[in-house]
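Let me begin by presenting the structure, written as structure tokens, before commenting on it.
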Amino acid sequence: MSATRLIARDELRLMVRNRVAVIAFTLLVLLTLVAVLSSWAHQHGNAELRARHQHAAEHAFDAQPDRHPHRVVHYGHFIFRPLGPLAAFDPGVDAFTGSSMFLEGHRQNTTNFGDVRQSSLLVRFGQLTPAFVLQAVAPLLLIFLGYGALARETERGTMRLLMLQGASRGQVVRGKLRALGTVALLAGLPAMIGFVAIADQPGALALPIATIAIGYAAYLALWVVLILLVSASVRRSRDALLALVAMWAVAVVLLPRVAPDLASAAVPLQNRLQTDVAIARDLRRMGDSHNPDDPHFAAFKQSVLKRYGVMRVEDLPVNYKGLLALEGERLTSELFERYAGKSYAAQNRQNALVMGVSVLSPAIALRSLSMAAAGTDFAGHRRFLEQAEAYRYALVQRLNRMQAEAVSYSDDTATDTDADRRKRVAADNWEQMPDFTYRAPSGAALATGALPGLAIVLGWLAVAGVLLVRASRRLGESR
């Protein structure tokens, strides 16, 4: 048996004899299983709830009686954001962004009913998910199991004895790496088994699954290398433990919490009230379709009359009020898109700043990788918002076009007692409206979004490996 294998076996035997280590490892396995089951149950319940509410909203919209099309525009419609199967592994920003959206004319609403807004404030500290266990808890276990792997040999003076017996410094380090790497593999195995079980559902894609698996394997390997690097760089086990716990606290707890606050301070983002006030101000400047003397809509009226070759709106072959609604919705939607674009750009700059901090914290890079591959990051939320807005605009314009073509101008402006009945269109028109269908991204798109985070984690691993090689050359030397 090679010296590397003997050293690895001896190190594993020492860990097994440590009752505290065995209990901690057992608790980690149980915590992982609880996280897998609870996260899957939570995601499965959310998916069923959203599907049920979506069906109810579609039924309520289709069941409307004969109505004027513009009343249907204001009646609105609810849609719900569906989640992919990998959201059970890492729900990402879903608890903060909300799950439903109310679509109506003349407004671009935000999502509502996020778990953070309607549940305990403890949700803000993170949910118990397999991703959280691997990101935060597993490294801490590895620290307490491996902090003295090399420092102990130096502290007790057994490093020179090992080398006198024929073991090289490289073999000692590789043996310790193999032992702690085995523990890391066993610690991550329950979460990966749960991940595979979660991913074995319709809609799961191979590329994101592989990317997540590689990312978490590299992250745990990074902690194994970092632990041995610190253990090789100090003379006492106690110093190694203190340094590693401090490193874990900064990289896993402090920086991921502080980085978003720093990004928000560096790139301020308008809140909903400020945005609504700014939009209302711009709408007043844009024009008022109800004011016959408004310059924009007066010019629009003349262009319509010229296009149809008539002198009065009463002579148009279509309902002029419907054309006004079409033009007004086009203008307001362009305004909404402009403000949404500014908001997206600011949030992208904030996320870029947070990713910049991942140079100091691989946990941030892993979290970005995990959410991107699972489709639960900001890009996934934005994808839903953009599709929802495209659907809202198409639905409202279809109703406005129906007003222009199916309701006469004379009936639309009449005030007699029977006018309200004549303005209505048949109820079967609502059933012909297309339902909202979320177009999920491809596996390649999700994996591509996770590549920056994966590159940073692998870069950390490469640098740590080089530093460990250099530190291992000084093992056993007097200091």
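Chain labels follow the order of the structure tokens: the first chain is A, the next B, and so on; residue numbering restarts at 1 in every chain, and ligands are counted from 1 in their shown order.
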Taking only residues of range 216-305 of chain A that have an atom at most 8 Å from an atom of range 165-180 of chain A, what is each one's shortest atom pair and its distance in Å to one decimal, using only C-alpha atoms, in chain and number order, as CSV?
residue,atom,partner,partner_atom,distance
A:Val224,CA,A:Leu180,CA,6.4
A:Val225,CA,A:Leu177,CA,7.3
A:Leu228,CA,A:Leu177,CA,7.4
Exercise for the section: Pull the helix (DSSP H, G or I) assignments for range 164-350 of chain A out of DSSP run on the backbone, and list those residues as an MDAnalysis selection string. Expected result: chainID A and resid 164 169:199 206:233 237:266 272:286 295:308 313:315 320:350
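Minimum atom-to-atom distance to Arg81 in chain A, evaluated using only C-alpha atoms, belongs to A:Phe102 out of A:Phe300, A:Phe61, A:Trp430, A:Phe102.
With only C-alpha atoms as the atoms that count, the minimum distance from His55 in chain A to the choices A:Asp282, A:Asp435, A:Asp416, A:Asp377 is reached by A:Asp435.
Taking only C-alpha atoms into account, Thr154 in chain A lies nearest to A:Arg235 out of the set A:His74, A:Arg392, A:Lys342, A:Arg235.
The space between CA of Gly84 in chain A and CA of Thr110 in chain A spans 20.7 Å.
Between Val267 in chain A and the candidates A:Ala197, A:Ala87, A:Val354, A:Val252, the tightest atom-to-atom separation, counting only C-alpha atoms, involves A:Val354.
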Assign secondary structure with DSSP using the backbone only, and return the residues of range 52-136 of chain A in strand (DSSP E) as a CSV table (one decimal) with all heavy atoms, in the first residue's frame.
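File produced: states.csv:
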chain,number,residue,atom,x,y,z
A,77,HIS,N,-56.5,40.7,-15.5
A,77,HIS,CA,-56.2,39.2,-15.5
A,77,HIS,C,-55.0,38.9,-14.6
A,77,HIS,O,-54.1,39.7,-14.5
A,77,HIS,CB,-56.0,38.7,-16.9
A,77,HIS,CG,-55.9,37.2,-17.0
A,77,HIS,ND1,-56.6,36.4,-16.2
A,77,HIS,CD2,-55.1,36.5,-17.8
A,77,HIS,CE1,-56.4,35.1,-16.6
A,77,HIS,NE2,-55.5,35.2,-17.6
A,78,PHE,N,-55.1,37.8,-13.8
A,78,PHE,CA,-54.0,37.4,-13.0
A,78,PHE,C,-53.2,36.3,-13.7
A,78,PHE,O,-53.8,35.4,-14.3
A,78,PHE,CB,-54.5,36.9,-11.6
A,78,PHE,CG,-54.8,37.9,-10.6
A,78,PHE,CD1,-56.1,38.3,-10.4
A,78,PHE,CD2,-53.8,38.5,-9.8
A,78,PHE,CE1,-56.4,39.3,-9.4
A,78,PHE,CE2,-54.1,39.4,-8.9
A,78,PHE,CZ,-55.4,39.9,-8.7
A,79,ILE,N,-51.9,36.4,-13.5
A,79,ILE,CA,-51.0,35.3,-14.0
A,79,ILE,C,-50.0,35.0,-12.9
A,79,ILE,O,-49.8,35.8,-12.0
A,79,ILE,CB,-50.2,35.7,-15.3
A,79,ILE,CG1,-49.3,36.9,-15.0
A,79,ILE,CG2,-51.2,36.0,-16.4
A,79,ILE,CD1,-48.3,37.1,-16.1
A,80,PHE,N,-49.5,33.8,-12.9
A,80,PHE,CA,-48.7,33.3,-11.8
A,80,PHE,C,-47.4,32.7,-12.4
A,80,PHE,O,-47.4,32.1,-13.5
A,80,PHE,CB,-49.4,32.2,-11.0
A,80,PHE,CG,-50.5,32.7,-10.2
A,80,PHE,CD1,-51.8,32.9,-10.8
A,80,PHE,CD2,-50.4,33.0,-8.9
A,80,PHE,CE1,-52.8,33.4,-10.1
A,80,PHE,CE2,-51.5,33.5,-8.1
A,80,PHE,CZ,-52.7,33.7,-8.8
A,100,SER,N,-47.2,36.3,-8.2
A,100,SER,CA,-48.3,36.6,-9.1
A,100,SER,C,-48.3,38.0,-9.6
A,100,SER,O,-47.6,38.9,-9.0
A,100,SER,CB,-49.7,36.4,-8.3
A,100,SER,OG,-49.8,37.3,-7.3
A,101,MET,N,-49.0,38.3,-10.6
A,101,MET,CA,-49.0,39.6,-11.2
A,101,MET,C,-50.4,39.9,-11.7
A,101,MET,O,-51.0,39.0,-12.4
A,101,MET,CB,-48.0,39.8,-12.3
A,101,MET,CG,-47.9,41.1,-13.0
A,101,MET,SD,-46.7,41.2,-14.3
A,101,MET,CE,-45.2,41.2,-13.4
A,102,PHE,N,-50.9,41.1,-11.5
A,102,PHE,CA,-52.2,41.5,-12.0
A,102,PHE,C,-51.9,42.3,-13.3
A,102,PHE,O,-51.2,43.4,-13.2
A,102,PHE,CB,-52.9,42.3,-11.0
A,102,PHE,CG,-54.3,42.8,-11.5
A,102,PHE,CD1,-55.3,41.9,-11.8
A,102,PHE,CD2,-54.6,44.2,-11.6
A,102,PHE,CE1,-56.5,42.3,-12.3
A,102,PHE,CE2,-55.8,44.6,-12.0
A,102,PHE,CZ,-56.8,43.7,-12.4
A,103,LEU,N,-52.5,41.9,-14.4
A,103,LEU,CA,-52.4,42.6,-15.7
A,103,LEU,C,-53.6,43.4,-16.0
A,103,LEU,O,-54.7,42.9,-15.9
A,103,LEU,CB,-52.1,41.6,-16.8
A,103,LEU,CG,-51.0,40.5,-16.5
A,103,LEU,CD1,-50.9,39.6,-17.7
A,103,LEU,CD2,-49.7,41.2,-16.3
A,111,THR,N,-44.8,42.1,-9.4
A,111,THR,CA,-45.3,40.9,-8.8
A,111,THR,C,-45.6,41.0,-7.3
A,111,THR,O,-45.1,41.9,-6.6
A,111,THR,CB,-44.2,39.8,-8.9
A,111,THR,OG1,-43.0,40.3,-8.4
A,111,THR,CG2,-44.0,39.4,-10.4
A,112,ASN,N,-46.5,40.2,-6.8
A,112,ASN,CA,-47.0,40.3,-5.4
A,112,ASN,C,-46.9,38.9,-4.7
A,112,ASN,O,-46.6,37.9,-5.4
A,112,ASN,CB,-48.4,40.8,-5.4
A,112,ASN,CG,-48.6,42.2,-6.0
A,112,ASN,OD1,-47.9,43.1,-5.5
A,112,ASN,ND2,-49.4,42.3,-7.0
Handout entry: Residue nearest Gly459 in chain A - candidates A:Ala365, A:Val425, A:Ala390, A:Ala414, atoms counted: only C-alpha atoms
Key = A:Ala365
Practice task
Write out as an NGL selection string the residues lying within 12 Å of Ala184 in chain A, counting only C-alpha atoms and excluding same-chain residues fewer than 2 positions away.
Solution key: :A and (12 or 25 or 28-29 or 134 or 137-143 or 145-146 or 177-182 or 186-192 or 216-225 or 227)
Excluding same-chain residues fewer than 2 positions from range 256-264 of chain A, what lies within 12 Å of it counting only C-alpha atoms, as a short mmCIF file (atom, residue, chain, number, x, y, z; two decimals) with all heavy atoms, in the first residue's frame?
data_model
loop_
_atom_site.label_atom_id
_atom_site.label_comp_id
_atom_site.auth_asym_id
_atom_site.auth_seq_id
_atom_site.Cartn_x
_atom_site.Cartn_y
_atom_site.Cartn_z
N ARG A 124 -36.24 35.97 5.74
CA ARG A 124 -35.21 36.84 5.19
C ARG A 124 -33.81 36.29 5.43
O ARG A 124 -32.86 36.67 4.74
CB ARG A 124 -35.31 38.24 5.81
CG ARG A 124 -36.58 38.97 5.42
CD ARG A 124 -36.62 40.35 6.05
NE ARG A 124 -37.86 41.05 5.69
CZ ARG A 124 -38.01 41.79 4.60
NH1 ARG A 124 -37.00 41.92 3.77
NH2 ARG A 124 -39.14 42.40 4.35
N PHE A 125 -33.65 35.43 6.42
CA PHE A 125 -32.33 34.87 6.71
C PHE A 125 -32.03 33.65 5.86
O PHE A 125 -30.96 33.07 5.98
CB PHE A 125 -32.24 34.51 8.20
CG PHE A 125 -32.23 35.70 9.10
CD1 PHE A 125 -33.41 36.19 9.64
CD2 PHE A 125 -31.06 36.38 9.37
CE1 PHE A 125 -33.41 37.30 10.46
CE2 PHE A 125 -31.05 37.49 10.19
CZ PHE A 125 -32.23 37.96 10.74
N GLY A 126 -32.93 33.27 5.00
CA GLY A 126 -32.67 32.15 4.11
C GLY A 126 -33.50 30.93 4.46
O GLY A 126 -33.81 30.67 5.63
N GLN A 135 -23.70 25.18 0.79
CA GLN A 135 -22.98 26.46 0.73
C GLN A 135 -22.44 26.87 2.09
O GLN A 135 -21.33 27.42 2.17
CB GLN A 135 -23.92 27.56 0.21
CG GLN A 135 -24.30 27.42 -1.25
CD GLN A 135 -25.38 28.40 -1.65
OE1 GLN A 135 -25.64 29.37 -0.95
NE2 GLN A 135 -26.03 28.14 -2.78
N ALA A 136 -23.18 26.64 3.17
CA ALA A 136 -22.82 27.19 4.47
C ALA A 136 -22.45 26.14 5.51
O ALA A 136 -21.46 26.32 6.24
CB ALA A 136 -23.97 28.04 5.00
N TRP A 248 -14.43 31.44 7.19
CA TRP A 248 -15.80 30.98 6.88
C TRP A 248 -16.82 32.07 7.22
O TRP A 248 -17.74 32.33 6.45
CB TRP A 248 -16.10 29.71 7.68
CG TRP A 248 -17.51 29.23 7.53
CD1 TRP A 248 -18.00 28.40 6.56
CD2 TRP A 248 -18.63 29.54 8.38
NE1 TRP A 248 -19.35 28.19 6.75
CE2 TRP A 248 -19.76 28.89 7.86
CE3 TRP A 248 -18.77 30.31 9.53
CZ2 TRP A 248 -21.01 28.97 8.45
CZ3 TRP A 248 -20.03 30.41 10.12
CH2 TRP A 248 -21.13 29.75 9.58
N ALA A 249 -16.65 32.71 8.38
CA ALA A 249 -17.60 33.75 8.79
C ALA A 249 -17.61 34.91 7.81
O ALA A 249 -18.67 35.46 7.48
CB ALA A 249 -17.25 34.23 10.20
N VAL A 250 -16.43 35.30 7.32
CA VAL A 250 -16.35 36.42 6.39
C VAL A 250 -16.87 36.03 5.01
O VAL A 250 -17.67 36.75 4.40
CB VAL A 250 -14.89 36.94 6.30
CG1 VAL A 250 -14.76 37.96 5.18
CG2 VAL A 250 -14.46 37.54 7.63
N ALA A 251 -16.41 34.87 4.51
CA ALA A 251 -16.72 34.48 3.13
C ALA A 251 -18.16 33.99 2.96
O ALA A 251 -18.77 34.21 1.91
CB ALA A 251 -15.75 33.41 2.66
N VAL A 252 -18.70 33.32 3.98
CA VAL A 252 -20.01 32.68 3.84
C VAL A 252 -21.13 33.48 4.48
O VAL A 252 -22.27 33.46 4.00
CB VAL A 252 -19.96 31.24 4.43
CG1 VAL A 252 -21.32 30.57 4.35
CG2 VAL A 252 -18.91 30.40 3.71
N VAL A 253 -20.83 34.20 5.56
CA VAL A 253 -21.87 34.91 6.30
C VAL A 253 -21.82 36.41 6.05
O VAL A 253 -22.82 37.03 5.65
CB VAL A 253 -21.76 34.62 7.81
CG1 VAL A 253 -22.84 35.39 8.58
CG2 VAL A 253 -21.87 33.13 8.08
N LEU A 254 -20.65 37.02 6.27
CA LEU A 254 -20.57 38.48 6.25
C LEU A 254 -20.67 39.07 4.84
O LEU A 254 -21.55 39.89 4.56
CB LEU A 254 -19.26 38.92 6.91
CG LEU A 254 -19.02 40.44 6.98
CD1 LEU A 254 -20.12 41.11 7.81
CD2 LEU A 254 -17.65 40.74 7.56
N ALA A 266 -24.19 52.02 -3.76
CA ALA A 266 -23.40 52.52 -4.90
C ALA A 266 -24.29 52.82 -6.11
O ALA A 266 -24.02 53.77 -6.86
CB ALA A 266 -22.33 51.51 -5.28
N VAL A 267 -25.33 52.01 -6.30
CA VAL A 267 -26.24 52.20 -7.45
C VAL A 267 -27.67 52.31 -6.90
O VAL A 267 -28.37 51.30 -6.76
CB VAL A 267 -26.15 51.04 -8.45
CG1 VAL A 267 -27.02 51.32 -9.67
CG2 VAL A 267 -24.71 50.80 -8.88
N PRO A 268 -28.11 53.52 -6.54
CA PRO A 268 -29.46 53.68 -5.97
C PRO A 268 -30.53 53.24 -6.97
O PRO A 268 -30.39 53.44 -8.17
CB PRO A 268 -29.55 55.17 -5.66
CG PRO A 268 -28.13 55.65 -5.63
CD PRO A 268 -27.38 54.79 -6.60
N LEU A 269 -31.58 52.68 -6.43
CA LEU A 269 -32.70 52.19 -7.25
C LEU A 269 -33.97 52.88 -6.80
O LEU A 269 -34.27 52.93 -5.60
CB LEU A 269 -32.83 50.67 -7.10
CG LEU A 269 -33.76 49.94 -8.06
CD1 LEU A 269 -33.23 50.03 -9.48
CD2 LEU A 269 -33.91 48.48 -7.64
N GLN A 270 -34.72 53.42 -7.74
CA GLN A 270 -35.98 54.08 -7.39
C GLN A 270 -36.97 53.06 -6.84
O GLN A 270 -37.08 51.94 -7.37
CB GLN A 270 -36.59 54.77 -8.61
CG GLN A 270 -35.94 56.10 -8.98
CD GLN A 270 -36.76 56.84 -10.02
OE1 GLN A 270 -37.45 56.24 -10.82
NE2 GLN A 270 -36.68 58.16 -10.00
N ASN A 271 -37.70 53.47 -5.78
CA ASN A 271 -38.74 52.58 -5.27
C ASN A 271 -40.00 52.71 -6.11
O ASN A 271 -40.07 53.52 -7.03
CB ASN A 271 -39.02 52.85 -3.80
CG ASN A 271 -39.46 54.29 -3.54
OD1 ASN A 271 -40.17 54.88 -4.35
ND2 ASN A 271 -39.04 54.85 -2.42
N ALA A 346 -30.04 49.28 -13.75
CA ALA A 346 -29.51 49.55 -12.41
C ALA A 346 -29.32 48.27 -11.61
O ALA A 346 -28.30 48.08 -10.93
CB ALA A 346 -30.44 50.51 -11.66
N GLN A 347 -30.29 47.37 -11.71
CA GLN A 347 -30.17 46.11 -10.97
C GLN A 347 -29.05 45.24 -11.54
O GLN A 347 -28.39 44.51 -10.79
CB GLN A 347 -31.51 45.37 -11.01
CG GLN A 347 -32.59 46.07 -10.22
CD GLN A 347 -33.93 45.35 -10.30
OE1 GLN A 347 -34.12 44.31 -9.69
NE2 GLN A 347 -34.86 45.92 -11.07
N ASN A 348 -28.84 45.30 -12.84
CA ASN A 348 -27.71 44.56 -13.42
C ASN A 348 -26.38 45.12 -12.93
O ASN A 348 -25.44 44.35 -12.67
CB ASN A 348 -27.78 44.63 -14.95
CG ASN A 348 -28.83 43.69 -15.53
OD1 ASN A 348 -29.14 42.66 -14.93
ND2 ASN A 348 -29.37 44.04 -16.68
N ARG A 349 -26.29 46.44 -12.78
CA ARG A 349 -25.06 47.02 -12.24
C ARG A 349 -24.87 46.61 -10.78
O ARG A 349 -23.73 46.33 -10.35
CB ARG A 349 -25.10 48.55 -12.37
CG ARG A 349 -25.00 49.05 -13.80
CD ARG A 349 -24.64 50.54 -13.84
NE ARG A 349 -25.65 51.36 -13.21
CZ ARG A 349 -26.72 51.86 -13.82
NH1 ARG A 349 -26.92 51.59 -15.11
NH2 ARG A 349 -27.58 52.62 -13.18
N GLN A 350 -25.96 46.56 -10.03
CA GLN A 350 -25.86 46.09 -8.65
C GLN A 350 -25.37 44.65 -8.59
O GLN A 350 -24.48 44.31 -7.80
CB GLN A 350 -27.21 46.22 -7.96
CG GLN A 350 -27.66 47.64 -7.69
CD GLN A 350 -29.02 47.69 -7.03
OE1 GLN A 350 -29.76 46.70 -7.01
NE2 GLN A 350 -29.38 48.85 -6.50
N ASN A 351 -25.94 43.80 -9.44
CA ASN A 351 -25.52 42.39 -9.45
C ASN A 351 -24.07 42.25 -9.89
O ASN A 351 -23.35 41.36 -9.41
CB ASN A 351 -26.44 41.59 -10.37
CG ASN A 351 -27.83 41.41 -9.81
OD1 ASN A 351 -28.01 41.39 -8.60
ND2 ASN A 351 -28.82 41.30 -10.67
N ALA A 352 -23.63 43.10 -10.81
CA ALA A 352 -22.23 43.05 -11.24
C ALA A 352 -21.30 43.42 -10.10
O ALA A 352 -20.23 42.81 -9.93
CB ALA A 352 -22.02 43.99 -12.43
N LEU A 353 -21.70 44.41 -9.28
CA LEU A 353 -20.88 44.78 -8.13
C LEU A 353 -20.82 43.64 -7.12
O LEU A 353 -19.77 43.36 -6.52
CB LEU A 353 -21.45 46.04 -7.47
CG LEU A 353 -21.30 47.33 -8.27
CD1 LEU A 353 -22.01 48.48 -7.56
CD2 LEU A 353 -19.82 47.67 -8.46
N VAL A 354 -21.96 42.97 -6.91
CA VAL A 354 -21.98 41.82 -5.99
C VAL A 354 -21.07 40.71 -6.51
O VAL A 354 -20.32 40.09 -5.74
CB VAL A 354 -23.42 41.31 -5.78
CG1 VAL A 354 -23.42 40.02 -4.97
CG2 VAL A 354 -24.26 42.37 -5.08
N MET A 355 -21.14 40.46 -7.82
CA MET A 355 -20.25 39.45 -8.39
C MET A 355 -18.79 39.83 -8.26
O MET A 355 -17.92 38.98 -8.13
CB MET A 355 -20.61 39.22 -9.86
CG MET A 355 -21.79 38.28 -10.06
SD MET A 355 -21.48 36.61 -9.43
CE MET A 355 -20.23 36.05 -10.60
N GLY A 356 -18.51 41.15 -8.28
CA GLY A 356 -17.14 41.59 -8.08
C GLY A 356 -16.62 41.22 -6.70
O GLY A 356 -15.43 40.90 -6.53
N VAL A 357 -17.52 41.23 -5.70
CA VAL A 357 -17.13 40.86 -4.34
C VAL A 357 -16.82 39.36 -4.26
O VAL A 357 -16.15 38.91 -3.33
CB VAL A 357 -18.24 41.26 -3.34
CG1 VAL A 357 -17.85 40.92 -1.91
CG2 VAL A 357 -18.54 42.75 -3.45
N SER A 358 -17.29 38.57 -5.23
CA SER A 358 -17.02 37.13 -5.21
C SER A 358 -15.53 36.83 -5.36
O SER A 358 -15.10 35.70 -5.10
CB SER A 358 -17.80 36.42 -6.32
OG SER A 358 -17.39 36.87 -7.60
N VAL A 359 -14.75 37.82 -5.76
CA VAL A 359 -13.30 37.65 -5.75
C VAL A 359 -12.81 37.42 -4.33
O VAL A 359 -11.79 36.75 -4.11
CB VAL A 359 -12.61 38.89 -6.37
CG1 VAL A 359 -11.10 38.78 -6.29
CG2 VAL A 359 -13.04 39.05 -7.82
N LEU A 360 -13.54 37.94 -3.35
CA LEU A 360 -13.20 37.75 -1.94
C LEU A 360 -14.04 36.66 -1.29
O LEU A 360 -13.71 36.23 -0.18
CB LEU A 360 -13.41 39.07 -1.17
CG LEU A 360 -12.66 40.30 -1.69
CD1 LEU A 360 -13.08 41.52 -0.90
CD2 LEU A 360 -11.17 40.07 -1.62
N SER A 361 -15.10 36.23 -1.93
CA SER A 361 -16.00 35.24 -1.35
C SER A 361 -16.48 34.26 -2.41
O SER A 361 -17.37 34.60 -3.20
CB SER A 361 -17.21 35.93 -0.70
OG SER A 361 -18.18 34.98 -0.31
N PRO A 362 -15.93 33.05 -2.44
CA PRO A 362 -16.42 32.06 -3.42
C PRO A 362 -17.87 31.66 -3.17
O PRO A 362 -18.53 31.16 -4.09
CB PRO A 362 -15.48 30.88 -3.22
CG PRO A 362 -14.95 31.03 -1.83
CD PRO A 362 -14.87 32.51 -1.59
N ALA A 363 -18.38 31.88 -1.96
CA ALA A 363 -19.78 31.55 -1.68
C ALA A 363 -20.72 32.39 -2.52
O ALA A 363 -21.77 31.91 -2.96
CB ALA A 363 -20.07 31.74 -0.19
N ILE A 364 -20.36 33.65 -2.78
CA ILE A 364 -21.19 34.51 -3.63
C ILE A 364 -21.20 33.98 -5.05
O ILE A 364 -22.25 33.93 -5.71
CB ILE A 364 -20.67 35.96 -3.58
CG1 ILE A 364 -20.84 36.53 -2.18
CG2 ILE A 364 -21.40 36.82 -4.60
CD1 ILE A 364 -20.29 37.94 -2.02
N ALA A 365 -20.02 33.57 -5.54
CA ALA A 365 -19.94 33.03 -6.90
C ALA A 365 -20.76 31.74 -7.01
O ALA A 365 -21.46 31.53 -8.01
CB ALA A 365 -18.49 32.76 -7.27
N LEU A 366 -20.68 30.89 -6.00
CA LEU A 366 -21.44 29.63 -6.04
C LEU A 366 -22.93 29.90 -6.00
O LEU A 366 -23.72 29.26 -6.70
CB LEU A 366 -21.03 28.73 -4.87
CG LEU A 366 -21.77 27.40 -4.82
CD1 LEU A 366 -21.30 26.48 -5.94
CD2 LEU A 366 -21.59 26.72 -3.48
N ARG A 367 -23.34 30.85 -5.17
CA ARG A 367 -24.76 31.19 -5.09
C ARG A 367 -25.26 31.71 -6.43
O ARG A 367 -26.37 31.35 -6.87
CB ARG A 367 -24.98 32.22 -3.99
CG ARG A 367 -26.45 32.53 -3.72
CD ARG A 367 -26.59 33.49 -2.57
NE ARG A 367 -25.94 34.77 -2.84
CZ ARG A 367 -25.92 35.79 -1.98
NH1 ARG A 367 -26.46 35.65 -0.79
NH2 ARG A 367 -25.33 36.93 -2.31
N SER A 368 -24.47 32.55 -7.08
CA SER A 368 -24.83 33.05 -8.40
C SER A 368 -24.94 31.92 -9.40
O SER A 368 -25.89 31.85 -10.19
CB SER A 368 -23.80 34.08 -8.86
OG SER A 368 -24.01 34.44 -10.20
#
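Among the candidate residues A:Ala419, A:Leu244, A:Val34, A:Ala379, the one lying nearest to Val407 in chain A is A:Ala419, with distances computed using only C-alpha atoms.
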Exercise for the section: Might you pull out every residue within 8 Å of Tyr409 in chain A, with only C-alpha atoms counted and same-chain residues fewer than 3 positions away left off, and present them as JSON, numbers by chain? Expected result: {"A": [314, 318, 319, 320, 321, 412, 413]}
Exercise for the section: Show which residues sit within 12 Å of Phe89 in chain A, as a ChimeraX atom specification. Count only C-alpha atoms, and ignore same-chain residues fewer than 2 positions away. Expected result: /A:32-33,35-44,83-87,91-92,127-135,191-200,204,208-209,212-213,367,370-371,373-376
With C-alpha atoms retained, could you export that selection as a compact mmCIF listing (two decimals), in the first residue's frame?
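Output below, filename again_31.txt:
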# COMPACT_ATOMS: atom_id res chain seq x y z
CA THR A 32 -29.49 17.55 4.45
CA LEU A 33 -32.28 14.97 4.26
CA ALA A 35 -33.66 20.15 3.73
CA VAL A 36 -34.26 17.99 0.64
CA LEU A 37 -37.67 16.79 1.82
CA SER A 38 -38.89 20.15 3.14
CA SER A 39 -37.64 22.07 0.10
CA TRP A 40 -39.22 19.61 -2.32
CA ALA A 41 -42.51 19.65 -0.40
CA HIS A 42 -42.49 23.47 -0.29
CA GLN A 43 -41.76 23.79 -4.00
CA HIS A 44 -44.28 21.08 -4.93
CA LEU A 83 -41.08 27.42 -11.17
CA GLY A 84 -38.81 24.82 -12.71
CA PRO A 85 -37.98 21.57 -10.90
CA LEU A 86 -34.51 22.80 -9.90
CA ALA A 87 -36.12 25.55 -7.81
CA PRO A 91 -35.31 28.71 -4.80
CA GLY A 92 -33.13 31.79 -5.32
CA GLN A 127 -34.64 28.96 3.63
CA LEU A 128 -33.42 25.51 4.61
CA THR A 129 -32.57 24.07 1.21
CA PRO A 130 -29.97 21.60 -0.06
CA ALA A 131 -28.13 24.51 -1.65
CA PHE A 132 -27.92 26.34 1.69
CA VAL A 133 -26.61 23.23 3.46
CA LEU A 134 -23.84 22.76 0.90
CA GLN A 135 -22.98 26.46 0.73
CA ALA A 191 -27.57 16.58 -1.01
CA MET A 192 -26.51 15.38 -4.46
CA ILE A 193 -28.76 12.31 -4.18
CA GLY A 194 -31.61 14.61 -3.22
CA PHE A 195 -30.66 16.91 -6.07
CA VAL A 196 -30.80 14.05 -8.57
CA ALA A 197 -34.19 13.00 -7.17
CA ILE A 198 -35.46 16.58 -7.45
CA ALA A 199 -34.06 16.92 -10.95
CA ASP A 200 -35.64 13.65 -12.10
CA ALA A 204 -35.36 19.31 -15.76
CA PRO A 208 -27.99 22.97 -15.76
CA ILE A 209 -27.92 19.82 -13.63
CA ILE A 212 -24.71 22.71 -10.59
CA ALA A 213 -23.08 19.37 -9.77
CA ARG A 367 -24.76 31.19 -5.09
CA SER A 370 -26.63 27.86 -8.41
CA MET A 371 -29.47 30.35 -8.93
CA ALA A 373 -28.55 27.24 -13.42
CA ALA A 374 -31.79 26.67 -11.49
CA GLY A 375 -33.43 29.61 -13.27
CA THR A 376 -34.26 31.35 -9.97
